[in-house]
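Asker: Sending over start33.txt (compact mmCIF, C-alpha atoms).
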```txt
# COMPACT_ATOMS: atom_id res chain seq x y z
CA MET A 1 -9.75 -95.54 72.87
CA SER A 2 -8.21 -92.60 71.04
CA THR A 3 -4.89 -90.80 71.26
CA VAL A 4 -5.36 -87.03 71.29
CA ILE A 5 -2.29 -85.10 70.13
CA PHE A 6 -2.42 -81.51 71.35
CA GLY A 7 0.21 -79.64 69.34
CA SER A 8 0.26 -81.93 66.32
CA SER A 9 1.62 -79.36 63.86
CA GLY A 10 4.98 -79.04 65.65
CA PHE A 11 7.99 -81.17 64.76
CA LEU A 12 7.50 -83.88 67.39
CA GLY A 13 3.71 -83.74 67.18
CA ASN A 14 3.87 -84.38 63.44
CA LYS A 15 6.26 -87.30 63.91
CA ILE A 16 4.08 -88.86 66.63
CA SER A 17 1.01 -88.46 64.43
CA LYS A 18 2.73 -90.32 61.57
CA LEU A 19 3.89 -92.99 64.02
CA LEU A 20 0.27 -93.63 65.03
CA LYS A 21 -1.14 -93.49 61.50
CA LYS A 22 -2.94 -96.84 61.84
CA GLU A 23 -4.42 -96.05 65.26
CA LYS A 24 -7.45 -94.02 66.26
CA LYS A 25 -6.35 -90.46 66.97
CA ILE A 26 -7.50 -86.86 67.20
CA GLU A 27 -5.08 -84.10 66.20
CA ILE A 28 -5.28 -80.58 67.65
CA SER A 29 -3.30 -77.61 66.34
CA THR A 30 -3.34 -73.81 66.37
CA LYS A 31 -2.80 -73.93 62.58
CA ASN A 32 -5.26 -74.64 59.78
CA LYS A 33 -4.54 -78.11 58.45
CA LYS A 34 -6.58 -80.79 56.75
CA ASN A 35 -8.18 -83.38 59.09
CA ILE A 36 -6.93 -81.52 62.19
CA TYR A 37 -9.05 -79.66 64.74
CA LYS A 38 -8.00 -76.02 64.93
CA THR A 39 -7.92 -74.65 68.47
CA ASN A 40 -8.20 -71.05 69.65
CA ILE A 41 -7.27 -71.87 73.24
CA PHE A 42 -4.44 -69.35 73.20
CA LYS A 43 -6.53 -66.48 71.77
CA LYS A 44 -8.05 -63.75 73.97
CA ARG A 45 -11.47 -64.29 72.44
CA TYR A 46 -12.32 -67.89 73.14
CA LYS A 47 -15.37 -70.15 73.33
CA HIS A 48 -15.39 -73.70 74.68
CA GLU A 49 -14.39 -76.10 71.91
CA LYS A 50 -16.34 -79.32 71.35
CA TRP A 51 -13.31 -81.58 70.87
CA ILE A 52 -12.39 -81.13 74.56
CA SER A 53 -15.68 -82.71 75.64
CA LYS A 54 -15.09 -85.64 73.28
CA ILE A 55 -11.97 -86.77 75.17
CA GLY A 56 -13.12 -89.79 77.19
CA LYS A 57 -11.66 -91.33 80.35
CA LYS A 58 -10.14 -94.21 78.34
CA ASP A 59 -8.34 -91.87 75.93
CA THR A 60 -4.75 -90.63 76.03
CA LEU A 61 -3.99 -86.92 75.76
CA ILE A 62 -0.44 -86.04 74.64
CA ILE A 63 0.48 -82.41 75.33
CA LEU A 64 3.29 -81.01 73.17
CA SER A 65 2.25 -77.41 72.65
CA SER A 66 4.97 -74.81 73.31
CA PRO A 67 5.07 -71.13 72.29
CA GLY A 68 8.74 -70.94 71.38
CA SER A 69 12.43 -71.44 72.13
CA ILE A 70 14.41 -70.83 75.33
CA LYS A 71 15.23 -67.34 74.03
CA PHE A 72 11.51 -66.65 73.38
CA TYR A 73 10.66 -67.64 76.95
CA SER A 74 13.30 -65.31 78.39
CA LYS A 75 12.02 -62.32 76.38
CA ASN A 76 8.24 -62.84 76.58
CA LYS A 77 7.38 -63.51 80.23
CA LYS A 78 3.86 -62.04 80.01
CA LYS A 79 3.02 -64.17 76.98
CA ILE A 80 4.32 -67.27 78.76
CA LEU A 81 2.19 -66.52 81.81
CA LEU A 82 -0.88 -66.23 79.58
CA PHE A 83 0.06 -69.48 77.83
CA GLU A 84 0.24 -71.31 81.17
CA ASN A 85 -3.05 -69.84 82.40
CA TYR A 86 -4.88 -70.69 79.18
CA LEU A 87 -3.63 -74.27 79.34
CA GLU A 88 -4.88 -74.68 82.89
CA ASN A 89 -8.22 -72.90 82.66
CA ARG A 90 -9.23 -73.84 79.13
CA LEU A 91 -7.81 -77.37 78.85
CA PHE A 92 -6.76 -78.99 82.13
CA LYS A 93 -9.90 -77.91 84.01
CA LYS A 94 -12.21 -78.90 81.14
CA VAL A 95 -10.85 -82.37 80.28
CA ASN A 96 -12.20 -85.47 82.03
CA ASN A 97 -9.82 -85.86 84.99
CA LYS A 98 -9.68 -89.64 84.49
CA VAL A 99 -8.03 -89.32 81.09
CA ARG A 100 -4.41 -90.46 80.77
CA VAL A 101 -2.11 -87.50 80.08
CA ILE A 102 1.41 -87.61 78.62
CA PHE A 103 3.24 -84.30 78.94
CA LEU A 104 6.49 -83.72 77.07
CA SER A 105 8.55 -81.64 79.48
CA SER A 106 12.26 -80.80 79.36
CA ASP A 107 15.61 -81.56 80.98
CA MET A 108 15.73 -77.79 81.62
CA VAL A 109 13.71 -78.33 84.83
CA PHE A 110 17.05 -79.32 86.40
CA GLN A 111 19.64 -76.76 87.45
CA GLY A 112 22.61 -78.72 86.12
CA GLY A 113 25.90 -79.38 87.84
CA LYS A 114 28.03 -82.42 88.60
CA ASN A 115 25.19 -84.49 90.11
CA ILE A 116 23.29 -87.16 88.23
CA PHE A 117 19.62 -86.26 88.01
CA LEU A 118 17.16 -89.11 88.66
CA ASP A 119 13.43 -89.25 87.87
CA ASN A 120 12.61 -87.91 91.34
CA SER A 121 15.47 -85.41 91.68
CA LYS A 122 14.61 -81.94 92.91
CA ARG A 123 13.73 -79.55 90.10
CA LEU A 124 15.49 -76.19 90.34
CA PRO A 125 15.40 -74.68 86.84
CA LYS A 126 17.77 -71.83 86.01
CA ASN A 127 15.78 -70.18 83.22
CA SER A 128 12.25 -69.13 82.26
CA TYR A 129 11.84 -72.12 79.95
CA GLY A 130 12.59 -74.62 82.70
CA ARG A 131 10.45 -72.76 85.25
CA SER A 132 7.48 -72.82 82.88
CA LYS A 133 7.85 -76.56 82.27
CA ARG A 134 8.01 -77.16 86.02
CA LYS A 135 4.92 -75.04 86.58
CA ILE A 136 2.96 -76.99 83.96
CA GLU A 137 4.14 -80.28 85.49
CA ASN A 138 2.78 -79.07 88.86
CA LYS A 139 -0.53 -77.91 87.37
CA LEU A 140 -1.08 -81.24 85.62
CA SER A 141 -0.37 -83.11 88.86
CA LYS A 142 -3.29 -81.28 90.49
CA TYR A 143 -5.83 -82.42 87.90
CA PHE A 144 -4.77 -85.85 86.62
CA SER A 145 -3.86 -89.01 88.52
CA LYS A 146 -2.96 -90.97 85.37
CA LEU A 147 -0.13 -88.63 84.42
CA ILE A 148 3.14 -89.39 82.63
CA ILE A 149 5.77 -86.66 82.46
CA LEU A 150 8.68 -87.22 80.06
CA ARG A 151 11.66 -84.88 80.42
CA LEU A 152 13.19 -84.67 76.98
CA PRO A 153 16.78 -83.89 76.03
CA LYS A 154 17.72 -82.27 72.72
CA ILE A 155 16.21 -84.41 69.95
CA TYR A 156 17.71 -84.46 66.47
CA SER A 157 16.89 -86.21 63.22
CA GLU A 158 19.45 -87.59 60.76
CA ASN A 159 17.00 -86.86 57.97
CA LEU A 160 18.28 -83.65 56.40
CA LYS A 161 14.72 -82.74 55.38
CA ASP A 162 13.85 -82.31 59.06
CA ASP A 163 14.80 -78.94 60.46
CA THR A 164 16.73 -80.02 63.57
CA PHE A 165 20.10 -79.32 65.14
CA TYR A 166 21.68 -82.02 62.96
CA SER A 167 20.50 -80.68 59.59
CA GLN A 168 21.29 -77.08 60.58
CA ILE A 169 24.92 -78.00 61.30
CA ILE A 170 25.31 -80.02 58.10
CA ARG A 171 23.74 -77.33 55.88
CA ALA A 172 25.87 -74.57 57.42
CA SER A 173 29.08 -76.57 56.90
CA ARG A 174 28.20 -77.35 53.29
CA LYS A 175 27.67 -73.63 52.69
CA LYS A 176 31.01 -72.91 54.44
CA LYS A 177 29.31 -70.85 57.14
CA ILE A 178 30.96 -70.42 60.53
CA THR A 179 28.86 -71.90 63.37
CA LYS A 180 29.65 -71.04 66.99
CA LEU A 181 28.73 -73.78 69.46
CA PHE A 182 28.93 -74.23 73.22
CA VAL A 183 32.03 -76.18 74.17
CA ASN A 184 31.65 -76.16 77.99
CA GLN A 185 27.98 -77.10 78.39
CA LYS A 186 27.09 -80.81 78.30
CA MET A 187 23.57 -82.09 77.59
CA HIS A 188 21.99 -85.32 76.36
CA TYR A 189 21.25 -85.58 72.63
CA MET A 190 18.73 -88.17 71.46
CA ASN A 191 18.16 -89.51 67.97
CA LEU A 192 14.57 -89.09 66.80
CA LYS A 193 14.43 -92.82 66.01
CA ASP A 194 15.03 -93.67 69.67
CA PHE A 195 12.48 -91.12 70.85
CA LEU A 196 9.76 -92.56 68.60
CA VAL A 197 10.43 -96.07 69.90
CA ILE A 198 10.14 -94.76 73.47
CA ILE A 199 6.94 -92.76 72.96
CA LYS A 200 5.23 -95.65 71.20
CA LYS A 201 6.07 -98.01 74.06
CA VAL A 202 4.91 -95.43 76.61
CA ILE A 203 1.58 -94.91 74.83
CA ARG A 204 0.93 -98.66 74.69
CA LYS A 205 1.83 -99.36 78.34
CA ARG A 206 -1.50 -98.41 79.91
CA SER A 207 -0.39 -99.06 83.51
CA LEU A 208 2.52 -96.61 83.36
CA LYS A 209 2.43 -93.34 85.30
CA GLY A 210 4.93 -91.00 86.92
CA SER A 211 7.72 -88.59 85.98
CA PHE A 212 10.64 -89.88 83.93
CA ASN A 213 13.85 -88.58 82.38
CA LEU A 214 14.88 -89.50 78.84
CA PRO A 215 18.68 -89.74 78.85
CA SER A 216 20.53 -90.86 75.72
CA LYS A 217 23.92 -92.35 74.91
CA TYR A 218 25.25 -88.90 74.00
CA LEU A 219 26.22 -86.62 76.90
CA LYS A 220 28.31 -84.03 75.11
CA SER A 221 28.69 -80.35 74.39
CA ARG A 222 27.09 -78.95 71.24
CA TYR A 223 30.55 -78.45 69.83
CA LYS A 224 31.67 -82.05 70.44
CA ILE A 225 28.54 -83.69 69.06
CA SER A 226 28.56 -81.36 66.03
CA CYS A 227 32.13 -82.44 65.30
CA GLU A 228 30.88 -86.04 65.27
CA PHE A 229 28.06 -85.16 62.88
CA ILE A 230 30.45 -83.34 60.55
CA LYS A 231 32.93 -86.24 60.54
CA ARG A 232 30.17 -88.66 59.50
CA LYS A 233 29.58 -86.55 56.40
CA ASP A 234 33.30 -86.04 55.68
CA LEU A 235 32.88 -82.27 55.90
CA ASN A 236 35.35 -79.63 57.03
CA LEU A 237 35.56 -79.15 60.81
CA ASN A 238 37.08 -75.68 60.42
CA TYR A 239 33.63 -74.08 60.15
CA LEU A 240 32.76 -75.09 63.72
CA LYS A 241 33.99 -72.69 66.40
CA PRO A 242 33.84 -73.23 70.21
CA LEU A 243 31.79 -70.79 72.29
CA ASN A 244 31.65 -70.31 76.07
CA TYR A 245 28.00 -70.69 77.14
CA LYS A 246 28.52 -68.20 79.99
CA ASN A 247 28.85 -65.43 77.40
CA VAL A 248 25.21 -66.04 76.37
CA ARG A 249 22.58 -64.51 78.67
CA LEU A 250 20.14 -67.41 78.83
CA ASN A 251 20.98 -68.85 82.30
CA LEU A 252 21.74 -72.29 80.89
CA PRO A 253 22.86 -75.17 83.13
CA ASN A 254 26.46 -76.21 82.51
CA GLN A 255 25.64 -79.94 82.55
CA VAL A 256 22.50 -82.05 82.89
CA LYS A 257 23.36 -85.73 83.28
CA MET A 258 20.26 -87.89 83.70
CA LYS A 259 19.31 -91.46 84.59
CA THR A 260 15.89 -93.09 84.63
CA ASN A 261 13.83 -96.13 85.65
CA LEU A 262 11.63 -95.76 82.58
CA TYR A 263 13.65 -97.86 80.16
CA LYS A 264 13.38 -100.97 82.34
CA LYS A 265 9.64 -100.52 82.57
CA ILE A 266 9.16 -100.33 78.80
CA ASN A 267 11.95 -102.74 77.76
CA PHE A 268 14.03 -100.14 75.96
CA TYR A 269 17.79 -100.51 76.21
CA PRO A 270 19.78 -97.60 74.82
CA LYS A 271 23.58 -97.61 74.99
CA TYR A 272 24.16 -94.68 77.32
```
Take the structure in this file and express it as structure tokens.
Answerer:
Amino acid sequence: MSTVIFGSSGFLGNKISKLLKKEKKIEISTKNKKNIYKTNIFKKRYKHEKWISKIGKKDTLIILSSPGSIKFYSKNKKKILLFENYLENRLFKKVNNKVRVIFLSSDMVFQGGKNIFLDNSKRLPKNSYGRSKRKIENKLSKYFSKLIILRLPKIYSENLKDDTFYSQIIRASRKKKITKLFVNQKMHYMNLKDFLVIIKKVIRKRSLKGSFNLPSKYLKSRYKISCEFIKRKDLNLNYLKPLNYKNVRLNLPNQVKMKTNLYKKINFYPKY
């Protein structure tokens, strides 16, 4: 049994690959890297790639590939449509349909509001990013019965060498740069350490399937959680400035509060 990581050159793909360093795995990326299969799935000129045929029914395929940020999705709708079509026609339709698939989706599939969103809550995304994730969730459901969908919150790393929300805030404050952050939009923020514990448990629990949220102990605005980060480093809070999310044209939900049944199933107990 192998774990196939599709999108291994991205931040989370790279971390998952390192997490599974002692296990049998196949890494797929659009970039040229040593010991990694390079894929041209998202190119116009494309020929069937042999690694797809090598994925057996006992293997696990983790899909992380994403073309860009929420802003990229809102400005490049034709490119996103192509991305979705290439995934379906060149990967989903070609892979053995008995393979176990883990798709890293997003909390952006929910519209936000005062309700608590459960694993089976109705998905009504407000932006192009969320709509694309929902569409891919639906496409995968057509082809694979052993499917796990994980709806991720914002994941950060306390390692300043990792380029995440945390390190960006710390670096900006040390350089005395003003950072404007949403003060009236609340989302979950998850430490990378917790995410890696969760994904490892999910990969190892062969009987698991279904769609699950990944809430964390932090349900805060970007401004509030950044203030916490800055305080930990004894830096100056004056370089953080509150921003109203409604002034940014990205159709963001004002609050996504999630709960899940996943953590009981995998014996993970976060304080949230």
Asker: Compare A:Leu124, A:Gly10, A:Tyr37, A:Thr60 by their minimum atom-to-atom distance to A:Lys24, counting all atoms listed in the file, and give me the closest one.
Answerer: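 Of A:Leu124, A:Gly10, A:Tyr37, A:Thr60, the one nearest A:Lys24 is A:Thr60, counting all atoms listed in the file.
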Asker: Using all atoms listed in the file, can you tell me which of A:Lys175, A:Lys257, A:Arg204, A:His48 comes closest to A:Leu235?
Answerer: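 Checking each candidate against A:Leu235, we get A:Lys175 as the closest.
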Asker: Given the choices A:Asn191, A:Asp234, A:Ser121, A:Leu147, which gets closest to A:Thr164 if the distance is worked out from all atoms listed in the file?
Answerer: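 Nearest to A:Thr164: A:Asn191.
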Asker: For atom CA of A:Lys220 and atom CA of A:Met187, quote the distance in Å rounded to one decimal.
Answerer: 5.7 Å
Asker: Using all atoms listed in the file, which residues sit within 7 Å of A:Ser211 once same-chain residues fewer than 2 positions away are excluded, as a ChimeraX atom specification?
Answerer: /A:119,148-150
Asker: At a cut-off of 10 Å, using only C-alpha atoms, what residues contact A:Gly56? Leave out same-chain residues fewer than 3 positions from it and give the result as a ChimeraX atom specification.
Answerer: /A:1-2,52-53,59-61,95-100
Asker: Could you tell me how far atom CA of A:Asp162 lies from atom CA of A:Ser65, in Å and to one decimal?
Answerer: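 These atoms are spaced 18.5 Å apart.
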Asker: Neighbouring residues of A:Gly130 were defined as those with any atom within 7 Å, considering all atoms listed in the file; residues of the same chain fewer than 5 positions away were excluded. Please report them as a PDB file with C-alpha atoms, in the coordinates of the input.
Answerer:
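New file selection-v8.pdb:
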```pdb
ATOM      1  CA  MET A 108      15.730 -77.790  81.620  1.00  0.00           C
ATOM      2  CA  VAL A 109      13.710 -78.330  84.830  1.00  0.00           C
ATOM      3  CA  PRO A 125      15.400 -74.680  86.840  1.00  0.00           C
TER       4      PRO A 125
END
```
Asker: Can you pull out every residue within 9 Å of A:Thr39, counting only C-alpha atoms, but drop anything in the same chain fewer than 3 positions away, and send it as a PyMOL selection string?
Answerer: chain A and resi 28-31+42-43+49
Asker: If we count all atoms listed in the file and set the cut-off at 10 Å, which residues sit around A:Ile70, ignoring sequence neighbours fewer than 5 positions away in its own chain? Please answer as a list in words.
Answerer: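 Close residues of A:Ile70: Lys75, Met108, Asn127, Ser128, Tyr129, Gly130, Leu250, Asn251 and Leu252 of chain A.
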Asker: Have a look at A:Lys38, A:Lys133, A:Lys71, A:Lys177 and name the one nearest to A:Phe103; count only C-alpha atoms.
Answerer: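 Of all the options, A:Lys133 lies closest to A:Phe103.
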Asker: Which residue out of A:Asn89, A:Asn254, A:Thr3, A:Asn35 has the minimum interatomic distance to A:Asn115 when all atoms listed in the file are used?
Answerer: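 Counting all atoms listed in the file, the residue closest to A:Asn115 is A:Asn254.
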Asker: Identify which of the residues A:Tyr223, A:Tyr263, A:Tyr143, A:Phe110 lies closest to A:Tyr166, counting only C-alpha atoms when measuring atom-to-atom distances.
Answerer: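 Closest candidate: A:Tyr223.
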Asker: Is there a way to get, as a PyMOL selection string, all residues within 12 Å of the point (4.0, -93.2, 63.1) in file coordinates, counting only C-alpha atoms?
Answerer: chain A and resi 12-25+192-193+195-197+199-200
Asker: Here's a test: counting only C-alpha atoms, identify every protein, DNA and RNA residue with an atom at most 6 Å from (-4.5, -81.5, 70.2) in the file's coordinate frame, and state them as a list of chain:residue names.
Answerer: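 Every residue inside that radius is included here: A:Val4, A:Ile5, A:Phe6, A:Gly7, A:Glu27, A:Ile28, A:Ser29.
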